[in-house]
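Asker: One structure follows; several queries about it will come next.
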Amino acid sequence: MAISERRPLVAGNWKMNGLRPSAVEFSRIMAGSAGLAGKVDLMICPPATLIRAFAEQAGTSGIAIGGQNCHAEPAGAFTGDISAEMLKDAGANAVIVGHSERRTLHKETDAEVCAKARAAWRGGLIAIVCIGETQAEREAGQTLDVLGRQIDGSLPDGVTAANLVVAYEPVWAIGTGLTPTSADVAQAHEFIRQRIVEHHGVAGNSVRILYGGSVKLSNAKELMAVPHVDGALVGGASLKAEDFLGIAAVYR
Ligand code: PEP
């Protein structure tokens, strides 16, 4: 599939940020999104407490709402957790799984991430599976080995363009202001594409691969122009409507 046939996606990961008054910022995103309709898909992944309100606010605007994590089970004695079915019930369309902050702070393994991606599908959600190397792994020349292992271990069988988005997020680039060179991003994304196609067939050509890690207004154009970069997963810069929309406007 030609690159242009994959509609870009710019998704904002609000992490543990946002209270009810954040509806104002979300309104600004909605207001500014009209000019981008049909050119780029937009998604906001607010904290779970805001999913229902944002989903109701989003209405028919076309802005998708995502969760930031889910449990692998649909229900049960898992205090403090949230299932894919609950996210769907609250109005989410997607869920991020395997974010590096979950892999690092909550010691999530590839097998657990894979189970969560499967749970996302069971619950009717798109799974946004994050992968990426640490600084030490990059310096040791292990980037592609790590990405290969994470792809093999984190993606369930049954991948389609409609049920999966992969986000390449070098751990050392998240929230640091550092970004890989365009050549490094190109190498990683091409490798990810090949690996998905190898293991999951031609559907892998249609799966969107986002770049994430310190995407901002000043670097979005260059990063989004890299082959096999089908959009961005944006952390810090997604909290301000102006910055988030400015990044998405690369696709205007
Ligand atoms: C993220 O946490 O997914 C992320 C990409 O963060 P930031 O844009 O702040 O680096």
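Residues in the structure tokens are numbered from 1 in each chain, the chains being A, B, ... in the order shown, and ligands are numbered from 1 in the order shown.
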Write as a ChimeraX atom specification the residues around ligand 1, taking 6 Å as the cut-off and counting only C-alpha atoms and all ligand atoms.
Answerer: /A:13,173-175,212-215,233-236
Asker: For the residues in the current selection, export N, CA, C and O atoms as a PDB file, in the first residue's frame.
Answerer:
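Output file out.pdb follows:
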```pdb
ATOM      1  N   ASN A  13      -1.488  11.870  24.009  1.00  0.00           N
ATOM      2  CA  ASN A  13      -1.492  11.099  25.258  1.00  0.00           C
ATOM      3  C   ASN A  13      -1.363  12.090  26.412  1.00  0.00           C
ATOM      4  O   ASN A  13      -0.289  12.627  26.650  1.00  0.00           O
ATOM      5  N   ALA A 173      13.577   9.438  24.218  1.00  0.00           N
ATOM      6  CA  ALA A 173      13.057  10.644  23.571  1.00  0.00           C
ATOM      7  C   ALA A 173      11.767  11.122  24.230  1.00  0.00           C
ATOM      8  O   ALA A 173      11.289  12.223  23.947  1.00  0.00           O
ATOM      9  N   ILE A 174      11.200  10.309  25.119  1.00  0.00           N
ATOM     10  CA  ILE A 174       9.893  10.649  25.704  1.00  0.00           C
ATOM     11  C   ILE A 174      10.064  11.683  26.817  1.00  0.00           C
ATOM     12  O   ILE A 174      10.755  11.420  27.813  1.00  0.00           O
ATOM     13  N   GLY A 175       9.480  12.839  26.598  1.00  0.00           N
ATOM     14  CA  GLY A 175       9.473  13.887  27.621  1.00  0.00           C
ATOM     15  C   GLY A 175      10.829  14.527  27.864  1.00  0.00           C
ATOM     16  O   GLY A 175      10.996  15.268  28.835  1.00  0.00           O
ATOM     17  N   GLY A 212       6.591   8.638  18.181  1.00  0.00           N
ATOM     18  CA  GLY A 212       6.335   9.371  19.423  1.00  0.00           C
ATOM     19  C   GLY A 212       7.624   9.608  20.181  1.00  0.00           C
ATOM     20  O   GLY A 212       8.537   8.765  20.167  1.00  0.00           O
ATOM     21  N   GLY A 213       7.693  10.755  20.851  1.00  0.00           N
ATOM     22  CA  GLY A 213       8.886  11.101  21.627  1.00  0.00           C
ATOM     23  C   GLY A 213       9.281  12.529  21.315  1.00  0.00           C
ATOM     24  O   GLY A 213       9.914  12.788  20.294  1.00  0.00           O
ATOM     25  N   SER A 214       8.838  13.464  22.187  1.00  0.00           N
ATOM     26  CA  SER A 214       9.200  14.881  22.050  1.00  0.00           C
ATOM     27  C   SER A 214       8.809  15.488  20.705  1.00  0.00           C
ATOM     28  O   SER A 214       9.532  16.320  20.163  1.00  0.00           O
ATOM     29  N   VAL A 215       7.668  15.040  20.164  1.00  0.00           N
ATOM     30  CA  VAL A 215       7.156  15.702  18.950  1.00  0.00           C
ATOM     31  C   VAL A 215       6.618  17.060  19.365  1.00  0.00           C
ATOM     32  O   VAL A 215       5.883  17.182  20.348  1.00  0.00           O
ATOM     33  N   LEU A 233       2.339  10.070  18.025  1.00  0.00           N
ATOM     34  CA  LEU A 233       1.770   9.968  19.369  1.00  0.00           C
ATOM     35  C   LEU A 233       2.452  11.077  20.162  1.00  0.00           C
ATOM     36  O   LEU A 233       3.678  11.075  20.311  1.00  0.00           O
ATOM     37  N   VAL A 234       1.657  12.020  20.625  1.00  0.00           N
ATOM     38  CA  VAL A 234       2.197  13.246  21.209  1.00  0.00           C
ATOM     39  C   VAL A 234       1.861  13.300  22.697  1.00  0.00           C
ATOM     40  O   VAL A 234       0.696  13.168  23.069  1.00  0.00           O
ATOM     41  N   GLY A 235       2.870  13.475  23.528  1.00  0.00           N
ATOM     42  CA  GLY A 235       2.635  13.571  24.964  1.00  0.00           C
ATOM     43  C   GLY A 235       2.442  15.019  25.381  1.00  0.00           C
ATOM     44  O   GLY A 235       1.381  15.609  25.184  1.00  0.00           O
ATOM     45  N   GLY A 236       3.495  15.611  25.908  1.00  0.00           N
ATOM     46  CA  GLY A 236       3.434  16.967  26.476  1.00  0.00           C
ATOM     47  C   GLY A 236       2.762  17.990  25.572  1.00  0.00           C
ATOM     48  O   GLY A 236       1.936  18.787  26.033  1.00  0.00           O
TER      49      GLY A 236
END
```
Asker: Please give the complete set of residues from region 89-148 of chain A that DSSP, run on the backbone, assigns to alpha helix (DSSP H), formatted as an mmCIF file with N, CA, C and O atoms, in the first residue's frame.
Answerer:
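Writing done, so here's states-v7.cif:
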```
data_model
loop_
_atom_site.group_PDB
_atom_site.id
_atom_site.type_symbol
_atom_site.label_atom_id
_atom_site.label_comp_id
_atom_site.auth_asym_id
_atom_site.auth_seq_id
_atom_site.Cartn_x
_atom_site.Cartn_y
_atom_site.Cartn_z
ATOM 1 N N ASP A 89 -17.311 1.182 26.988
ATOM 2 C CA ASP A 89 -18.589 1.592 27.573
ATOM 3 C C ASP A 89 -18.596 3.094 27.891
ATOM 4 O O ASP A 89 -19.627 3.756 27.826
ATOM 5 N N ALA A 90 -17.394 3.616 28.230
ATOM 6 C CA ALA A 90 -17.296 5.043 28.560
ATOM 7 C C ALA A 90 -17.214 5.910 27.305
ATOM 8 O O ALA A 90 -17.262 7.139 27.385
ATOM 9 N N SER A 100 5.900 3.017 27.323
ATOM 10 C CA SER A 100 7.157 2.732 28.049
ATOM 11 C C SER A 100 7.021 3.041 29.542
ATOM 12 O O SER A 100 7.702 2.419 30.361
ATOM 13 N N GLU A 101 6.150 4.003 29.886
ATOM 14 C CA GLU A 101 5.983 4.283 31.321
ATOM 15 C C GLU A 101 5.308 3.103 32.021
ATOM 16 O O GLU A 101 5.565 2.840 33.197
ATOM 17 N N ARG A 102 4.463 2.364 31.309
ATOM 18 C CA ARG A 102 3.861 1.154 31.870
ATOM 19 C C ARG A 102 4.888 0.025 31.891
ATOM 20 O O ARG A 102 4.970 -0.732 32.852
ATOM 21 N N ARG A 103 5.642 -0.086 30.799
ATOM 22 C CA ARG A 103 6.644 -1.164 30.748
ATOM 23 C C ARG A 103 7.693 -0.958 31.847
ATOM 24 O O ARG A 103 8.139 -1.907 32.482
ATOM 25 N N THR A 104 8.072 0.314 32.095
ATOM 26 C CA THR A 104 9.131 0.579 33.070
ATOM 27 C C THR A 104 8.582 0.625 34.498
ATOM 28 O O THR A 104 9.045 -0.112 35.366
ATOM 29 N N LEU A 105 7.576 1.470 34.730
ATOM 30 C CA LEU A 105 7.115 1.697 36.105
ATOM 31 C C LEU A 105 6.256 0.552 36.627
ATOM 32 O O LEU A 105 6.180 0.327 37.828
ATOM 33 N N ASP A 110 6.287 -8.024 27.387
ATOM 34 C CA ASP A 110 5.687 -8.131 26.056
ATOM 35 C C ASP A 110 4.447 -9.028 26.097
ATOM 36 O O ASP A 110 3.447 -8.739 25.444
ATOM 37 N N ALA A 111 4.534 -10.121 26.854
ATOM 38 C CA ALA A 111 3.393 -11.053 26.922
ATOM 39 C C ALA A 111 2.163 -10.360 27.511
ATOM 40 O O ALA A 111 1.029 -10.559 27.045
ATOM 41 N N GLU A 112 2.391 -9.526 28.525
ATOM 42 C CA GLU A 112 1.257 -8.803 29.127
ATOM 43 C C GLU A 112 0.703 -7.768 28.151
ATOM 44 O O GLU A 112 -0.519 -7.590 28.040
ATOM 45 N N VAL A 113 1.606 -7.105 27.443
ATOM 46 C CA VAL A 113 1.154 -6.101 26.462
ATOM 47 C C VAL A 113 0.331 -6.793 25.377
ATOM 48 O O VAL A 113 -0.718 -6.299 24.947
ATOM 49 N N CYS A 114 0.796 -7.969 24.956
ATOM 50 C CA CYS A 114 0.085 -8.745 23.933
ATOM 51 C C CYS A 114 -1.324 -9.114 24.436
ATOM 52 O O CYS A 114 -2.311 -8.982 23.701
ATOM 53 N N ALA A 115 -1.405 -9.516 25.697
ATOM 54 C CA ALA A 115 -2.714 -9.888 26.266
ATOM 55 C C ALA A 115 -3.625 -8.660 26.327
ATOM 56 O O ALA A 115 -4.844 -8.760 26.107
ATOM 57 N N LYS A 116 -3.049 -7.502 26.606
ATOM 58 C CA LYS A 116 -3.849 -6.269 26.651
ATOM 59 C C LYS A 116 -4.322 -5.882 25.255
ATOM 60 O O LYS A 116 -5.447 -5.397 25.088
ATOM 61 N N ALA A 117 -3.461 -6.067 24.255
ATOM 62 C CA ALA A 117 -3.869 -5.745 22.871
ATOM 63 C C ALA A 117 -5.021 -6.665 22.466
ATOM 64 O O ALA A 117 -6.005 -6.232 21.851
ATOM 65 N N ARG A 118 -4.907 -7.937 22.852
ATOM 66 C CA ARG A 118 -5.983 -8.895 22.549
ATOM 67 C C ARG A 118 -7.269 -8.461 23.270
ATOM 68 O O ARG A 118 -8.366 -8.524 22.716
ATOM 69 N N ALA A 119 -7.101 -8.003 24.494
ATOM 70 C CA ALA A 119 -8.268 -7.533 25.268
ATOM 71 C C ALA A 119 -8.904 -6.317 24.594
ATOM 72 O O ALA A 119 -10.136 -6.187 24.553
ATOM 73 N N ALA A 120 -8.061 -5.439 24.072
ATOM 74 C CA ALA A 120 -8.580 -4.250 23.374
ATOM 75 C C ALA A 120 -9.482 -4.699 22.231
ATOM 76 O O ALA A 120 -10.613 -4.201 22.078
ATOM 77 N N TRP A 121 -9.027 -5.665 21.457
ATOM 78 C CA TRP A 121 -9.830 -6.162 20.318
ATOM 79 C C TRP A 121 -11.116 -6.820 20.805
ATOM 80 O O TRP A 121 -12.174 -6.611 20.238
ATOM 81 N N ARG A 122 -10.987 -7.602 21.859
ATOM 82 C CA ARG A 122 -12.170 -8.265 22.414
ATOM 83 C C ARG A 122 -13.207 -7.226 22.824
ATOM 84 O O ARG A 122 -14.418 -7.420 22.651
ATOM 85 N N GLN A 135 17.856 4.289 26.086
ATOM 86 C CA GLN A 135 19.130 4.929 25.717
ATOM 87 C C GLN A 135 20.262 3.893 25.721
ATOM 88 O O GLN A 135 21.062 3.824 24.786
ATOM 89 N N ALA A 136 20.307 3.082 26.767
ATOM 90 C CA ALA A 136 21.395 2.095 26.889
ATOM 91 C C ALA A 136 21.335 1.096 25.735
ATOM 92 O O ALA A 136 22.378 0.713 25.174
ATOM 93 N N GLU A 137 20.111 0.685 25.379
ATOM 94 C CA GLU A 137 19.965 -0.270 24.272
ATOM 95 C C GLU A 137 20.408 0.359 22.953
ATOM 96 O O GLU A 137 21.061 -0.278 22.134
ATOM 97 N N ARG A 138 20.065 1.634 22.761
ATOM 98 C CA ARG A 138 20.508 2.306 21.532
ATOM 99 C C ARG A 138 22.030 2.384 21.500
ATOM 100 O O ARG A 138 22.663 2.075 20.498
ATOM 101 N N GLU A 139 22.610 2.800 22.630
ATOM 102 C CA GLU A 139 24.070 2.947 22.653
ATOM 103 C C GLU A 139 24.774 1.610 22.455
ATOM 104 O O GLU A 139 25.883 1.554 21.927
ATOM 105 N N THR A 143 19.056 -1.449 19.049
ATOM 106 C CA THR A 143 17.725 -0.885 18.765
ATOM 107 C C THR A 143 16.832 -1.831 17.965
ATOM 108 O O THR A 143 15.706 -2.137 18.368
ATOM 109 N N LEU A 144 17.333 -2.319 16.840
ATOM 110 C CA LEU A 144 16.470 -3.141 15.984
ATOM 111 C C LEU A 144 16.162 -4.491 16.630
ATOM 112 O O LEU A 144 15.060 -5.028 16.455
ATOM 113 N N ASP A 145 17.124 -5.021 17.388
ATOM 114 C CA ASP A 145 16.852 -6.288 18.104
ATOM 115 C C ASP A 145 15.708 -6.100 19.093
ATOM 116 O O ASP A 145 14.806 -6.938 19.208
ATOM 117 N N VAL A 146 15.762 -4.983 19.816
ATOM 118 C CA VAL A 146 14.729 -4.707 20.823
ATOM 119 C C VAL A 146 13.374 -4.534 20.143
ATOM 120 O O VAL A 146 12.369 -5.116 20.566
ATOM 121 N N LEU A 147 13.364 -3.753 19.051
ATOM 122 C CA LEU A 147 12.093 -3.520 18.358
ATOM 123 C C LEU A 147 11.532 -4.839 17.819
ATOM 124 O O LEU A 147 10.338 -5.110 17.927
ATOM 125 N N GLY A 148 12.404 -5.659 17.262
ATOM 126 C CA GLY A 148 11.975 -6.954 16.726
ATOM 127 C C GLY A 148 11.365 -7.819 17.812
ATOM 128 O O GLY A 148 10.295 -8.425 17.640
#
```
Asker: I want to know what sits within 12 Å of Ala92 (chain A), based on only C-alpha atoms, with residues of the same chain fewer than 4 positions away left out; could you give that as a ChimeraX atom specification?
Answerer: /A:43-56,58-59,63-70,83-88,96,120,123-127
Asker: Keeping N, CA, C and O atoms, export the residues of the selection given above as a compact mmCIF listing (two decimals), in the first residue's frame.
Answerer:
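Listed below is the output, out-v6.txt:
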```txt
# COMPACT_ATOMS: atom_id res chain seq x y z
N MET A 43 -6.97 12.01 17.68
CA MET A 43 -7.43 11.25 18.85
C MET A 43 -6.83 11.89 20.10
O MET A 43 -5.69 12.33 20.09
N ILE A 44 -7.61 11.94 21.15
CA ILE A 44 -7.09 12.37 22.46
C ILE A 44 -7.30 11.22 23.44
O ILE A 44 -8.38 10.62 23.50
N CYS A 45 -6.23 10.90 24.16
CA CYS A 45 -6.29 9.86 25.20
C CYS A 45 -6.16 10.56 26.55
O CYS A 45 -5.05 10.76 27.06
N PRO A 46 -7.29 10.96 27.12
CA PRO A 46 -7.26 11.65 28.42
C PRO A 46 -7.17 10.64 29.54
O PRO A 46 -7.29 9.43 29.29
N PRO A 47 -7.01 11.08 30.78
CA PRO A 47 -7.11 10.12 31.88
C PRO A 47 -8.50 9.48 31.87
O PRO A 47 -9.46 10.08 31.37
N ALA A 48 -8.60 8.30 32.45
CA ALA A 48 -9.85 7.53 32.39
C ALA A 48 -11.03 8.31 32.94
O ALA A 48 -12.16 8.15 32.47
N THR A 49 -10.77 9.19 33.92
CA THR A 49 -11.86 9.95 34.55
C THR A 49 -12.54 10.91 33.57
O THR A 49 -13.65 11.37 33.84
N LEU A 50 -11.85 11.25 32.47
CA LEU A 50 -12.42 12.23 31.53
C LEU A 50 -12.94 11.60 30.25
O LEU A 50 -13.45 12.29 29.37
N ILE A 51 -12.80 10.28 30.13
CA ILE A 51 -13.17 9.65 28.86
C ILE A 51 -14.64 9.88 28.52
O ILE A 51 -14.98 10.30 27.40
N ARG A 52 -15.52 9.62 29.47
CA ARG A 52 -16.94 9.74 29.14
C ARG A 52 -17.29 11.18 28.74
O ARG A 52 -17.93 11.42 27.72
N ALA A 53 -16.81 12.13 29.54
CA ALA A 53 -17.13 13.54 29.25
C ALA A 53 -16.59 13.96 27.88
O ALA A 53 -17.29 14.60 27.09
N PHE A 54 -15.35 13.56 27.59
CA PHE A 54 -14.76 13.96 26.30
C PHE A 54 -15.47 13.25 25.14
O PHE A 54 -15.68 13.84 24.09
N ALA A 55 -15.82 12.00 25.35
CA ALA A 55 -16.50 11.26 24.27
C ALA A 55 -17.84 11.92 23.97
O ALA A 55 -18.22 12.07 22.81
N GLU A 56 -18.54 12.34 25.03
CA GLU A 56 -19.83 13.01 24.81
C GLU A 56 -19.63 14.35 24.13
O GLU A 56 -20.35 14.73 23.21
N ALA A 58 -17.12 15.16 22.22
CA ALA A 58 -16.62 14.96 20.85
C ALA A 58 -17.77 14.73 19.89
O ALA A 58 -17.71 15.15 18.73
N GLY A 59 -18.81 14.07 20.37
CA GLY A 59 -20.00 13.85 19.54
C GLY A 59 -19.64 13.34 18.17
O GLY A 59 -18.92 12.35 18.03
N ILE A 63 -13.34 13.39 16.26
CA ILE A 63 -12.18 13.20 17.14
C ILE A 63 -12.40 11.93 17.97
O ILE A 63 -13.43 11.80 18.65
N ALA A 64 -11.46 11.02 17.87
CA ALA A 64 -11.58 9.76 18.60
C ALA A 64 -11.03 9.94 20.01
O ALA A 64 -10.19 10.82 20.26
N ILE A 65 -11.51 9.09 20.91
CA ILE A 65 -11.07 9.13 22.30
C ILE A 65 -10.45 7.78 22.65
O ILE A 65 -11.00 6.73 22.30
N GLY A 66 -9.30 7.85 23.30
CA GLY A 66 -8.62 6.60 23.67
C GLY A 66 -8.32 6.53 25.15
O GLY A 66 -8.20 7.55 25.82
N GLY A 67 -8.19 5.29 25.65
CA GLY A 67 -7.70 5.08 27.00
C GLY A 67 -6.17 5.00 26.95
O GLY A 67 -5.58 4.97 25.86
N GLN A 68 -5.56 4.95 28.12
CA GLN A 68 -4.09 4.91 28.17
C GLN A 68 -3.55 3.56 28.60
O GLN A 68 -2.34 3.34 28.60
N ASN A 69 -4.45 2.67 28.99
CA ASN A 69 -4.06 1.36 29.48
C ASN A 69 -5.32 0.56 29.73
O ASN A 69 -6.39 1.15 29.91
N CYS A 70 -5.22 -0.75 29.70
CA CYS A 70 -6.36 -1.56 30.12
C CYS A 70 -5.84 -2.86 30.74
O CYS A 70 -4.68 -3.23 30.54
N SER A 83 -10.99 -2.25 32.45
CA SER A 83 -10.97 -3.19 31.32
C SER A 83 -11.25 -2.47 30.00
O SER A 83 -11.78 -1.35 29.98
N ALA A 84 -10.92 -3.16 28.92
CA ALA A 84 -11.19 -2.60 27.59
C ALA A 84 -12.70 -2.37 27.43
O ALA A 84 -13.13 -1.37 26.86
N GLU A 85 -13.48 -3.31 27.96
CA GLU A 85 -14.94 -3.19 27.85
C GLU A 85 -15.43 -1.93 28.58
O GLU A 85 -16.37 -1.26 28.13
N MET A 86 -14.80 -1.62 29.72
CA MET A 86 -15.20 -0.41 30.47
C MET A 86 -14.84 0.85 29.69
O MET A 86 -15.61 1.82 29.67
N LEU A 87 -13.67 0.83 29.06
CA LEU A 87 -13.26 1.99 28.26
C LEU A 87 -14.23 2.20 27.10
O LEU A 87 -14.66 3.32 26.82
N LYS A 88 -14.58 1.08 26.46
CA LYS A 88 -15.54 1.15 25.35
C LYS A 88 -16.89 1.69 25.85
O LYS A 88 -17.51 2.56 25.22
N ILE A 96 -4.19 2.80 24.38
CA ILE A 96 -2.74 2.66 24.29
C ILE A 96 -2.35 1.48 25.19
O ILE A 96 -2.81 1.41 26.34
N ALA A 120 -8.06 -5.44 24.07
CA ALA A 120 -8.58 -4.25 23.37
C ALA A 120 -9.48 -4.70 22.23
O ALA A 120 -10.61 -4.20 22.08
N GLY A 123 -12.72 -6.09 23.36
CA GLY A 123 -13.62 -5.04 23.82
C GLY A 123 -14.07 -4.09 22.71
O GLY A 123 -14.79 -3.13 22.98
N GLY A 124 -13.60 -4.34 21.50
CA GLY A 124 -14.03 -3.49 20.38
C GLY A 124 -13.23 -2.21 20.23
O GLY A 124 -13.71 -1.22 19.67
N LEU A 125 -11.99 -2.23 20.73
CA LEU A 125 -11.14 -1.04 20.65
C LEU A 125 -9.94 -1.27 19.72
O LEU A 125 -9.47 -2.40 19.57
N ILE A 126 -9.44 -0.19 19.15
CA ILE A 126 -8.17 -0.24 18.42
C ILE A 126 -7.07 -0.31 19.47
O ILE A 126 -7.09 0.44 20.45
N ALA A 127 -6.10 -1.19 19.26
CA ALA A 127 -4.95 -1.26 20.17
C ALA A 127 -3.82 -0.41 19.60
O ALA A 127 -3.42 -0.60 18.45
```
Asker: For a test of reading the model, state the distance in Å between CA of Val226 (chain A) and CA of Gln150 (chain A), rounded to one decimal.
Answerer: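 CA of Gln150 (chain A) lies 21.8 Å from CA of Val226 (chain A).
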Asker: Which residue gives the smallest distance to Arg193 (chain A) among A:Pro170, A:Gly158, A:Gly177, A:Pro227, with only C-alpha atoms counted?
Answerer: A:Pro227
Asker: What separation in Å, quoted to one decimal, exists between CA of Gly35 (chain A) and CA of Lys216 (chain A)?
Answerer: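 Atom-to-atom, CA of Gly35 (chain A) and CA of Lys216 (chain A) are spaced 19.6 Å apart.
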